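Have a look at target37.txt; it's compact mmCIF, C-alpha atoms:
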# COMPACT_ATOMS: atom_id res chain seq x y z
CA MET C 1 -23.37 28.02 -0.84
CA ALA C 2 -21.44 25.87 1.65
CA THR C 3 -23.04 22.74 3.08
CA GLN C 4 -23.52 22.39 6.85
CA SER C 5 -20.48 20.10 7.19
CA GLU C 6 -18.32 22.54 5.16
CA GLN C 7 -19.41 25.40 7.43
CA GLU C 8 -18.51 23.42 10.56
CA SER C 9 -15.12 22.38 9.16
CA GLY C 10 -14.46 25.25 6.72
CA TYR C 11 -10.75 25.24 7.50
CA LEU C 12 -10.52 21.84 5.78
CA TYR C 13 -11.56 23.43 2.50
CA ARG C 14 -9.01 26.29 2.45
CA TRP C 15 -6.46 25.39 -0.20
CA PRO C 16 -3.09 27.09 0.33
CA GLY C 17 -1.48 25.26 -2.58
CA LEU C 18 1.18 22.57 -2.62
CA TYR C 19 4.81 23.25 -3.45
CA VAL C 20 7.94 21.25 -4.23
CA ARG C 21 11.61 22.02 -4.54
CA GLU C 22 13.14 22.22 -7.98
CA GLY C 23 16.81 22.73 -7.27
CA GLU C 24 17.00 25.97 -5.26
CA ARG C 25 13.54 27.11 -6.40
CA VAL C 26 10.13 26.41 -4.87
CA VAL C 27 7.48 25.76 -7.52
CA ASP C 28 3.91 24.51 -7.74
CA ALA C 29 3.67 20.76 -7.20
CA PRO C 30 2.66 18.60 -10.17
CA ALA C 31 -1.09 18.60 -10.77
CA ALA C 32 -1.38 14.90 -9.84
CA ASP C 33 0.18 15.56 -6.42
CA ALA C 34 -2.06 18.58 -5.83
CA ALA C 35 -5.12 16.47 -6.70
CA VAL C 36 -4.09 13.84 -4.13
CA ALA C 37 -3.55 16.53 -1.48
CA ARG C 38 -6.86 18.20 -2.27
CA SER C 39 -8.64 14.90 -1.53
CA TYR C 40 -7.68 15.23 2.13
CA PRO C 41 -10.97 16.69 3.47
CA GLN C 42 -12.88 13.62 2.21
CA PHE C 43 -10.15 11.07 3.00
CA GLY C 44 -11.50 8.50 5.45
CA ASP C 45 -8.28 7.02 6.90
CA LYS C 46 -6.69 10.05 8.55
CA GLY C 47 -4.27 9.72 11.45
CA SER C 48 -5.70 9.90 14.95
CA VAL C 49 -6.04 13.23 16.78
CA THR C 50 -3.59 13.84 19.65
CA ASP C 51 -3.70 17.16 21.53
CA GLY C 52 -5.70 18.82 18.73
CA ARG C 53 -3.32 17.72 15.96
CA ARG C 54 -3.18 14.87 13.49
CA ILE C 55 -0.78 13.79 10.76
CA THR C 56 -1.87 11.90 7.66
CA LEU C 57 -0.20 10.36 4.63
CA LEU C 58 -1.80 10.27 1.19
CA THR C 59 -0.76 8.65 -2.07
CA GLU C 60 -2.38 8.37 -5.47
CA ASN C 61 -2.53 4.59 -5.69
CA THR C 62 -1.83 1.82 -3.17
CA PHE C 63 -1.09 -0.80 -5.84
CA ARG C 64 2.14 -0.39 -7.79
CA HIS C 65 4.37 -2.45 -10.01
CA ILE C 66 8.05 -3.01 -9.30
CA GLU C 67 9.99 0.22 -9.99
CA ASP C 68 6.82 2.39 -10.10
CA GLU C 69 7.21 5.61 -8.16
CA VAL C 70 5.20 5.91 -4.94
CA ARG C 71 4.81 9.59 -4.04
CA VAL C 72 3.76 10.34 -0.45
CA ILE C 73 1.96 13.55 0.51
CA HIS C 74 2.20 14.69 4.16
CA VAL C 75 -0.67 16.57 5.81
CA VAL C 76 -0.88 18.12 9.26
CA GLU C 77 -4.30 19.08 10.57
CA PHE C 78 -4.75 21.27 13.63
CA THR C 79 -8.29 20.47 14.79
CA GLU C 80 -8.55 22.93 17.66
CA PRO C 81 -7.93 26.67 18.11
CA GLY C 82 -5.01 28.05 20.05
CA GLN C 83 -2.05 26.86 17.96
CA ARG C 84 -0.16 28.21 14.94
CA ALA C 85 0.14 26.39 11.60
CA TYR C 86 3.38 27.02 9.68
CA ILE C 87 1.82 26.55 6.26
CA MET C 88 4.61 27.62 3.93
CA GLY C 89 7.09 25.20 2.52
CA PRO C 90 7.98 22.67 1.54
CA LYS C 91 9.41 21.75 4.92
CA PRO C 92 11.61 18.68 5.45
CA VAL C 93 9.96 15.41 6.47
CA HIS C 94 11.32 13.76 9.60
CA GLY C 95 10.26 10.46 11.13
CA GLU C 96 8.97 8.56 8.09
CA TYR C 97 9.19 4.78 8.26
CA VAL C 98 8.82 2.02 5.66
CA ASN C 99 8.22 -1.38 7.21
CA ASP C 100 9.38 0.08 10.55
CA GLN C 101 12.72 1.26 9.13
CA LEU C 102 13.43 4.99 9.43
CA MET C 103 13.77 6.40 5.89
CA THR C 104 14.13 10.13 6.61
CA ALA C 105 16.03 12.19 9.15
CA PRO C 106 15.01 11.46 12.74
CA VAL C 107 12.58 13.79 14.48
CA PRO C 108 14.43 16.81 15.94
CA GLY C 109 13.98 17.86 19.55
CA GLY C 110 11.21 20.23 20.54
CA ASP C 111 7.80 20.47 18.91
CA PRO C 112 8.10 18.53 15.63
CA LEU C 113 5.47 20.74 13.97
CA VAL C 114 7.36 23.98 14.65
CA PRO C 115 10.17 24.41 12.09
CA THR C 116 13.62 25.15 13.51
CA THR C 117 13.97 27.95 10.94
CA TYR C 118 10.97 29.62 9.34
CA ASN C 119 10.35 32.93 7.64
CA GLY C 120 6.79 32.71 6.39
CA VAL C 121 3.09 33.00 7.02
CA THR C 122 1.46 31.27 9.95
CA LEU C 123 -2.26 30.71 10.41
CA PRO C 124 -4.29 30.49 13.58
CA THR C 125 -5.84 27.10 14.08
CA PRO C 126 -7.89 25.12 13.22
CA ALA C 127 -5.99 24.81 9.93
CA VAL C 128 -4.42 22.31 7.53
CA ASP C 129 -0.77 22.34 6.43
CA TYR C 130 0.10 20.49 3.21
CA ASN C 131 3.54 21.92 2.64
CA PHE C 132 6.06 19.24 3.49
CA ASP C 133 8.48 17.65 1.05
CA ILE C 134 6.89 14.88 -0.98
CA THR C 135 8.79 11.67 -0.34
CA SER C 136 9.21 9.11 -3.09
CA TYR C 137 9.94 5.39 -3.13
CA ARG C 138 10.57 2.75 -5.81
CA PHE C 139 10.30 -0.78 -4.50
CA GLN C 140 12.40 -3.52 -6.13
CA VAL C 141 10.73 -6.61 -4.67
CA PRO C 142 7.03 -7.59 -4.82
CA GLY C 143 5.24 -7.49 -1.51
CA LEU C 144 3.42 -5.28 0.98
CA TYR C 145 5.14 -2.09 2.15
CA LYS C 146 3.80 -0.11 5.11
CA ILE C 147 4.62 3.60 5.28
CA GLN C 148 3.98 5.64 8.44
CA TRP C 149 4.95 9.11 9.65
CA ARG C 150 5.82 9.30 13.37
CA LEU C 151 6.45 12.61 15.11
CA GLY C 152 6.74 11.91 18.82
CA SER C 153 3.26 11.10 20.12
CA LEU C 154 1.73 11.82 16.69
CA HIS C 155 1.40 8.80 14.41
CA SER C 156 -0.11 8.98 10.95
CA ASN C 157 -2.32 6.47 9.28
CA VAL C 158 -0.44 3.56 7.69
CA LEU C 159 -0.24 3.50 3.90
CA SER C 160 -0.19 -0.12 2.77
CA ILE C 161 1.40 -0.27 -0.67
CA GLU C 162 1.08 -3.54 -2.55
CA VAL C 163 3.86 -4.01 -5.09
CA GLY C 164 3.37 -6.60 -7.80
CA MET C 165 5.11 -7.72 -10.95
Will you turn the file into structure tokens for me?
Amino acid sequence: MATQSEQESGYLYRWPGLYVREGERVVDAPAADAAVARSYPQFGDKGSVTDGRRITLLTENTFRHIEDEVRVIHVVEFTEPGQRAYIMGPKPVHGEYVNDQLMTAPVPGGDPLVPTTYNGVTLPTPAVDYNFDITSYRFQVPGLYKIQWRLGSLHSNVLSIEVGM
């Protein structure tokens, strides 16, 4: 039986799966990535809500050694009814910054959460969309790296990745 908080925010607990590209194919994401994504409902440092939407970044571990892979999961949460969530993917990531340097393609014009081309299922909101490409970084120099996703007025939480020897 669902708890009171799960009943109030049941959409947070619907798991649509997480997918990655493998060449031309779309396949299930590695289990470790899916586990990180599935932690989203309990994650305490989500991005702030703007116009009933929020974007959040997740990663498995915020301490890494030089050359370790940092995999970044992108989550969009629609907190209010009246919108559509384009939940199939993975969709390209735009507007991701590391230490304020743009690392992905810039944000296209229009609504950044509505894909320019899409032939898939949409859900009424509230809903959560996990299906964006997983970005990956390998840092060469020890230090603190700050990763943030910025889509117009939507800004994610900041992942602070400490890289040591």
Contacts of segment 4-66 of chain C with segment 129-142 of chain C up to 7 Å, shortest pair per row, all atoms listed in the file, as CSV:
residue,atom,partner,partner_atom,distance
C:Leu18,CA,C:Asn131,CA,5.8
C:Tyr19,CA,C:Asn131,CA,6.4
C:Val20,CA,C:Asp133,CA,6.4
C:Ile66,CA,C:Gln140,CA,5.4
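Picture a line from atom CA of Thr79 of chain C to atom CA of Ile147 of chain C; it runs 23.3 Å.
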Counting all atoms listed in the file, find residues at most 10 Å from (11.7, 14.3, 12.8) (file frame) and give them as a tab-separated table (two decimals) with C-alpha atoms, keeping the file's coordinate frame.
chain	number	residue	atom	x	y	z
C	92	PRO	CA	11.61	18.68	5.45
C	93	VAL	CA	9.96	15.41	6.47
C	94	HIS	CA	11.32	13.76	9.60
C	95	GLY	CA	10.26	10.46	11.13
C	96	GLU	CA	8.97	8.56	8.09
C	104	THR	CA	14.13	10.13	6.61
C	105	ALA	CA	16.03	12.19	9.15
C	106	PRO	CA	15.01	11.46	12.74
C	107	VAL	CA	12.58	13.79	14.48
C	108	PRO	CA	14.43	16.81	15.94
C	109	GLY	CA	13.98	17.86	19.55
C	110	GLY	CA	11.21	20.23	20.54
C	111	ASP	CA	7.80	20.47	18.91
C	112	PRO	CA	8.10	18.53	15.63
C	113	LEU	CA	5.47	20.74	13.97
C	149	TRP	CA	4.95	9.11	9.65
C	150	ARG	CA	5.82	9.30	13.37
C	151	LEU	CA	6.45	12.61	15.11
C	152	GLY	CA	6.74	11.91	18.82
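Computed from the coordinates, the atom CA of His155 of chain C to atom CA of Val114 of chain C distance equals 16.3 Å.
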Selection near Glu162 of chain C, 7 Å with all atoms listed in the file, sequence-local residues under 2 positions removed, as an MDAnalysis selection string: chainID C and resid 62:64 143:145 160 164
Separation of atom CA of Met88 of chain C from atom CA of Gly120 of chain C, in Å and rounded to one decimal: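 Going from atom CA of Met88 of chain C over to atom CA of Gly120 of chain C, I get 6.1 Å.
Among the candidates C:Leu159, C:Val36, C:His65, C:Ala127, the residue lying nearest to Arg14 of chain C is C:Ala127 (atoms considered: all atoms listed in the file).
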Residue nearest Thr125 of chain C among C:Val158, C:Ile55, C:Ala31, C:Leu12 (counting all atoms listed in the file): C:Leu12
10 Å contact set for Asp33 of chain C, only C-alpha atoms, chain neighbours under 4 positions out, as a list in words: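 Neighbouring residues, sequence-local ones excluded: Leu18, Tyr19, Val20, Asp28, Ala29, Ala37, Arg38, Leu58, Thr59, Glu60, Arg71, Val72, Ile73 and Ile134 of chain C.
Closest to Tyr97 of chain C among C:Ser9, C:Leu154, C:Gln148, C:Val26 is C:Gln148, based on all atoms listed in the file.
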Complete segment 19-30 of chain C at the level of N, CA and C atoms, written as a short mmCIF file (atom, residue, chain, number, x, y, z; two decimals), in the frame of the given file.
data_model
loop_
_atom_site.label_atom_id
_atom_site.label_comp_id
_atom_site.auth_asym_id
_atom_site.auth_seq_id
_atom_site.Cartn_x
_atom_site.Cartn_y
_atom_site.Cartn_z
N TYR C 19 3.57 22.84 -2.80
CA TYR C 19 4.81 23.25 -3.45
C TYR C 19 5.89 22.19 -3.29
N VAL C 20 6.80 22.17 -4.25
CA VAL C 20 7.94 21.25 -4.23
C VAL C 20 9.21 22.03 -4.54
N ARG C 21 10.32 21.42 -4.21
CA ARG C 21 11.61 22.02 -4.54
C ARG C 21 12.03 21.56 -5.94
N GLU C 22 12.54 22.50 -6.68
CA GLU C 22 13.14 22.22 -7.98
C GLU C 22 14.50 22.89 -7.96
N GLY C 23 15.51 22.13 -7.52
CA GLY C 23 16.81 22.73 -7.27
C GLY C 23 16.69 23.69 -6.10
N GLU C 24 17.08 24.94 -6.31
CA GLU C 24 17.00 25.97 -5.26
C GLU C 24 15.65 26.70 -5.26
N ARG C 25 14.83 26.42 -6.26
CA ARG C 25 13.54 27.11 -6.40
C ARG C 25 12.41 26.32 -5.75
N VAL C 26 11.37 27.02 -5.34
CA VAL C 26 10.13 26.41 -4.87
C VAL C 26 9.08 26.70 -5.93
N VAL C 27 8.44 25.63 -6.42
CA VAL C 27 7.48 25.76 -7.52
C VAL C 27 6.21 25.01 -7.15
N ASP C 28 5.15 25.25 -7.92
CA ASP C 28 3.91 24.51 -7.74
C ASP C 28 4.17 23.02 -7.92
N ALA C 29 3.56 22.20 -7.08
CA ALA C 29 3.67 20.76 -7.20
C ALA C 29 2.98 20.30 -8.48
N PRO C 30 3.37 19.14 -9.02
CA PRO C 30 2.66 18.60 -10.17
C PRO C 30 1.16 18.47 -9.89
#
